[in-house]
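A.B. asks: Take this structure, written in structure tokens, and hold onto it; I'll ask about it next.
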Amino acid sequence: MHFDHSDKVKALQAKLQGFMEQYIYPNEARYHAEVAEGDRWQPTRLMEELKAKAKAAGLWNLFLPESHRGAGLTNLEYAPLCEIMGRVGFASEVFNCSAPDTGNMETIERYGTEEQKREWLDPLLDGKIRSCFAMTEPAVASSDATNIESRIERKGDHYVINGRKWWSTGAPDPRCKIFILMGKTDPQNPDRHKQQSMILVPRDTPGITVLRHLSVFGYDQAPHGDGEVLFENVKVPVGNILLGEGRGFEIAQGRLGPGRIHHCMRAIGQAERALEKMCRRVKARVAFGRPIAEQTVTLERIAEARIGIEQARLLVLKAAYMMDTVGNKVARAEIAMIKVAVPNMLCQVIDWAIQAHGAGGVSEDFGLANAYAHARTLRIADGPDEVHRNQIGRLELRKYN
């Protein structure tokens, strides 16, 4: 594996960093002010302005390797760009590179029919609509996706969907026009991994009710956020099924691998930003007669943060390289490792940054409390730590069979 980025990637890094410095960092306060005013669930003026600038600059759909509408980057090439975007929570949306839309677009690109692509992928790639991925359910332990109970029953030339989902990212957003829902089409199949299917469900289909917005430690992440959604006798055409009945797990594995790379590289960007804030804070504050930066405990935390970030980045780049060269299945241990290592590292680095800011760290003044809420969520999203550790352990023990 080569650790030096290509000239193409270096040029995109420089261009993206320039855009962040010119348009994103100076507008962080304005973005949060616009979200707070009026209806929090309406898109902000700033976001639409920045999207137009990003599209004009050619910084659009950088994540999508398999479509002529993307930048044609590999996972390894996209990873450092994702890190740059991750330094600001809302930045990835500016470039049409935010979850769950990235995963949904990759899913439709890879598994959708030409008709499905025309109807849903094209407007998503254009940034005209947003989407939701509906998988997790409140009534079961969704860390084991075979537990999912939502039903997708075929009745003639339609499927009828019944179930309750939550932590459905994007559901409360008025721009959300399409759900990708995972549910059971064949609950009696002896192969538990062939009971599930994924299906496209237009948001305006009768029977869909967003019951509530869900917050994390009090943060609702408006105007996108997560929702609890009820599906009652929701009727969609048979042609909305993705790939075919019983292929839900197959699609999930194809979808979640790249998504975990994206999550982890954005998390490394967040960790870099938190360390930067920590260093600036401790150099500017004096306690007990000398700068906080000179306190041994502070130096130790800064050193450990730098070590942790560098280790995490190398592990993610290795996973991305393996996904590109040998595929998701062979790289499954590395993908699981980054999903455990990176969010835990991020939580620790942000926690140290909060401590360095004192009471200010737990306020909304420095963005660290919100960042911690997001970081802690990542230890559960896309599979909790326990699931990934179990997988890593089993794969390690196989070497000794």
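In the structure tokens, chains take letters A, B, ... by order of appearance, with residues numbered from 1 within each chain and ligands from 1 in the order shown.
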Give me the region 268-385 of chain A side of the contact with region 217-239 of chain A, cut-off 9 Å, one line per residue showing its nearest atom pair and distance in Å at one decimal, counting only C-alpha atoms, sorted by chain and residue number, as a Markdown table.
C.D. replies:
```
| residue | atom | partner | partner_atom | distance |
| --- | --- | --- | --- | --- |
| A:Asn370 | CA | A:Tyr219 | CA | 6.9 |
| A:Ala373 | CA | A:Phe217 | CA | 6.2 |
| A:His374 | CA | A:Tyr219 | CA | 9.0 |
```
A.B. asks: List the neighbours of Val349 (chain A) out to 10 Å using only C-alpha atoms; skip same-chain residues closer than 5 positions along the sequence, and give me the result as a CSV table (one decimal) with N, CA, C and O atoms, in the first residue's frame.
C.D. replies:
```
chain,number,residue,atom,x,y,z
A,270,GLN,N,-13.2,15.3,12.6
A,270,GLN,CA,-13.7,15.9,13.8
A,270,GLN,C,-12.7,15.8,14.9
A,270,GLN,O,-12.6,16.8,15.7
A,271,ALA,N,-12.0,14.7,15.0
A,271,ALA,CA,-10.9,14.6,16.0
A,271,ALA,C,-9.8,15.6,15.8
A,271,ALA,O,-9.3,16.2,16.8
A,272,GLU,N,-9.4,15.8,14.6
A,272,GLU,CA,-8.4,16.8,14.3
A,272,GLU,C,-8.9,18.2,14.7
A,272,GLU,O,-8.2,19.0,15.3
A,273,ARG,N,-10.2,18.5,14.4
A,273,ARG,CA,-10.7,19.8,14.8
A,273,ARG,C,-10.8,20.0,16.3
A,273,ARG,O,-10.5,21.0,16.9
A,274,ALA,N,-11.2,18.9,17.0
A,274,ALA,CA,-11.2,18.9,18.5
A,274,ALA,C,-9.8,19.1,19.1
A,274,ALA,O,-9.6,19.9,20.0
A,275,LEU,N,-8.8,18.4,18.5
A,275,LEU,CA,-7.5,18.6,19.0
A,275,LEU,C,-7.0,20.0,18.8
A,275,LEU,O,-6.3,20.6,19.6
A,278,MET,N,-8.5,22.3,21.3
A,278,MET,CA,-7.8,22.0,22.6
A,278,MET,C,-6.5,22.7,22.7
A,278,MET,O,-6.2,23.4,23.7
A,301,ARG,N,-2.1,14.4,27.3
A,301,ARG,CA,-3.3,14.2,26.6
A,301,ARG,C,-3.2,14.6,25.1
A,301,ARG,O,-3.7,14.0,24.2
A,302,ILE,N,-2.5,15.7,24.9
A,302,ILE,CA,-2.2,16.1,23.5
A,302,ILE,C,-1.5,15.1,22.7
A,302,ILE,O,-1.8,14.7,21.6
A,304,GLU,N,-1.3,11.8,23.4
A,304,GLU,CA,-2.1,10.6,23.2
A,304,GLU,C,-3.2,10.9,22.1
A,304,GLU,O,-3.5,10.0,21.3
A,305,ALA,N,-3.7,12.1,22.1
A,305,ALA,CA,-4.6,12.4,21.0
A,305,ALA,C,-4.0,12.3,19.6
A,305,ALA,O,-4.6,11.7,18.7
A,306,ARG,N,-2.8,12.9,19.5
A,306,ARG,CA,-2.1,12.8,18.2
A,306,ARG,C,-1.8,11.4,17.8
A,306,ARG,O,-2.0,11.0,16.7
A,308,GLY,N,-3.4,8.7,18.8
A,308,GLY,CA,-4.6,8.0,18.5
A,308,GLY,C,-5.2,8.4,17.1
A,308,GLY,O,-5.7,7.5,16.3
A,309,ILE,N,-5.1,9.6,16.7
A,309,ILE,CA,-5.6,10.1,15.4
A,309,ILE,C,-4.8,9.5,14.3
A,309,ILE,O,-5.3,9.0,13.3
A,343,PRO,N,-14.5,5.6,16.4
A,343,PRO,CA,-15.4,6.3,17.3
A,343,PRO,C,-15.0,6.4,18.7
A,343,PRO,O,-15.2,7.4,19.4
A,344,ASN,N,-14.3,5.3,19.2
A,344,ASN,CA,-13.8,5.3,20.6
A,344,ASN,C,-12.7,6.4,20.7
A,344,ASN,O,-12.6,7.1,21.7
A,354,ILE,N,-13.0,18.8,25.8
A,354,ILE,CA,-14.0,19.4,26.7
A,354,ILE,C,-13.3,19.8,28.0
A,354,ILE,O,-13.5,20.8,28.6
A,355,GLN,N,-12.5,18.8,28.5
A,355,GLN,CA,-11.9,19.1,29.8
A,355,GLN,C,-11.0,20.3,29.8
A,355,GLN,O,-10.9,21.1,30.7
A,372,TYR,N,-19.5,15.7,20.7
A,372,TYR,CA,-19.4,14.5,21.5
A,372,TYR,C,-20.7,13.7,21.3
A,372,TYR,O,-20.6,12.5,21.3
```
A.B. asks: Work out how far apart CA of Asn147 (chain A) and CA of Gly246 (chain A) are and give it in Å to one decimal.
C.D. replies: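 Between CA of Asn147 (chain A) and CA of Gly246 (chain A) the gap is 14.5 Å.
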A.B. asks: Return the single residue from A:Phe249, A:Phe288, A:Phe19, A:Tyr321 that is closest to Leu50 (chain A), with distances computed using only C-alpha atoms.
C.D. replies: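 Answer, going by the shortest atom-to-atom distance: A:Phe19.
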A.B. asks: So, counting only C-alpha atoms, which residue among A:Ala54, A:Leu378, A:Leu243, A:Leu346 is closest to Gln22 (chain A)?
C.D. replies: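 Once distances to Gln22 (chain A) are computed over only C-alpha atoms, the minimum belongs to A:Ala54.
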A.B. asks: Check region 9-215 of chain A with DSSP on the backbone and list each residue it calls strand (DSSP E), as a ChimeraX atom specification.
C.D. replies: /A:130-134,151-155,158-169,176-184,196-202,208-214
A.B. asks: Near region 119-127 of chain A, within 10 Å and counting only C-alpha atoms, which residues show up once chain neighbours fewer than 5 positions away are dropped, as a VMD selection string?
C.D. replies: chain A and resid 48 51 to 52 55 60 to 61 64 67 69 to 70 93 to 97 101 to 102 104 to 109 112 to 114 175 to 178 200 202
A.B. asks: Residues of region 128-262 of chain A classed as alpha helix (DSSP H) by DSSP on the backbone are to be reported as JSON, numbers by chain.
C.D. replies: {"A": [248, 249, 250, 251, 252, 253, 254, 255, 256, 257, 258, 259, 260, 261, 262]}
A.B. asks: Skipping near chain neighbours, those fewer than 6 positions away, what residues fall within 9 Å of Arg281 (chain A) using only C-alpha atoms, listed as a VMD selection string?
C.D. replies: chain A and resid 292 to 293 353 356 to 357
A.B. asks: Would you output that residue set with N, CA and C atoms, as a tab-separated table (two decimals), in the first residue's frame?
C.D. replies:
```tsv
chain	number	residue	atom	x	y	z
A	292	ILE	N	-1.88	26.51	30.79
A	292	ILE	CA	-2.36	25.12	30.91
A	292	ILE	C	-1.55	24.20	30.01
A	293	ALA	N	-1.08	24.73	28.87
A	293	ALA	CA	-0.31	23.93	27.92
A	293	ALA	C	0.97	23.37	28.53
A	353	ALA	N	-10.69	17.44	24.98
A	353	ALA	CA	-10.87	18.83	24.54
A	353	ALA	C	-11.89	19.54	25.41
A	356	ALA	N	-10.28	20.45	28.66
A	356	ALA	CA	-9.37	21.58	28.51
A	356	ALA	C	-10.11	22.91	28.47
A	357	HIS	N	-11.36	22.88	28.02
A	357	HIS	CA	-12.18	24.10	27.94
A	357	HIS	C	-12.92	24.39	29.24
```
A.B. asks: Which is closest to Arg332 (chain A) among A:Gly86, A:Gly183, A:Pro206, A:Gly254, if we use only C-alpha atoms?
C.D. replies: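 Among the listed residues, A:Gly254 lies closest to Arg332 (chain A).
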A.B. asks: How far is it from CA of Val140 (chain A) to CA of Ser215 (chain A), in Å with one decimal?
C.D. replies: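 Going from CA of Val140 (chain A) over to CA of Ser215 (chain A) covers 19.7 Å.
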A.B. asks: Just the number, please: distance in Å from CA of Gly289 (chain A) to CA of Ala303 (chain A), one decimal.
C.D. replies: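 According to the coordinates, CA of Gly289 (chain A) and CA of Ala303 (chain A) are separated by 22.6 Å.
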A.B. asks: Which neighbours of region 390-396 of chain A fall inside 9 Å, counting only C-alpha atoms, when residues of the same chain fewer than 2 positions from it are skipped, and could you give them as a list of chain:residue names?
C.D. replies: A:Arg332, A:Ala333, A:Glu334, A:Ala336, A:Met337, A:Asp385, A:Glu386, A:Val387, A:His388, A:Arg398, A:Lys399, A:Tyr400
A.B. asks: Would you mind telling me which residue in A:Gly367, A:Pro100, A:Gly207, A:Gly269 lies nearest to Asp382 (chain A) when using only C-alpha atoms?
C.D. replies: A:Pro100
A.B. asks: Taking only C-alpha atoms into account, name the residue in A:Gly170, A:Tyr23, A:Ser363, A:Asn240 that is nearest to Ala57 (chain A).
C.D. replies: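 Of all the options, A:Tyr23 lies closest to Ala57 (chain A).
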A.B. asks: Counting only C-alpha atoms, figure out which residue out of A:Pro80, A:His263, A:Glu115, A:Arg203 gets nearest to Ser131 (chain A).
C.D. replies: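 Comparing A:Pro80, A:His263, A:Glu115, A:Arg203 against Ser131 (chain A), the winner is A:Arg203.
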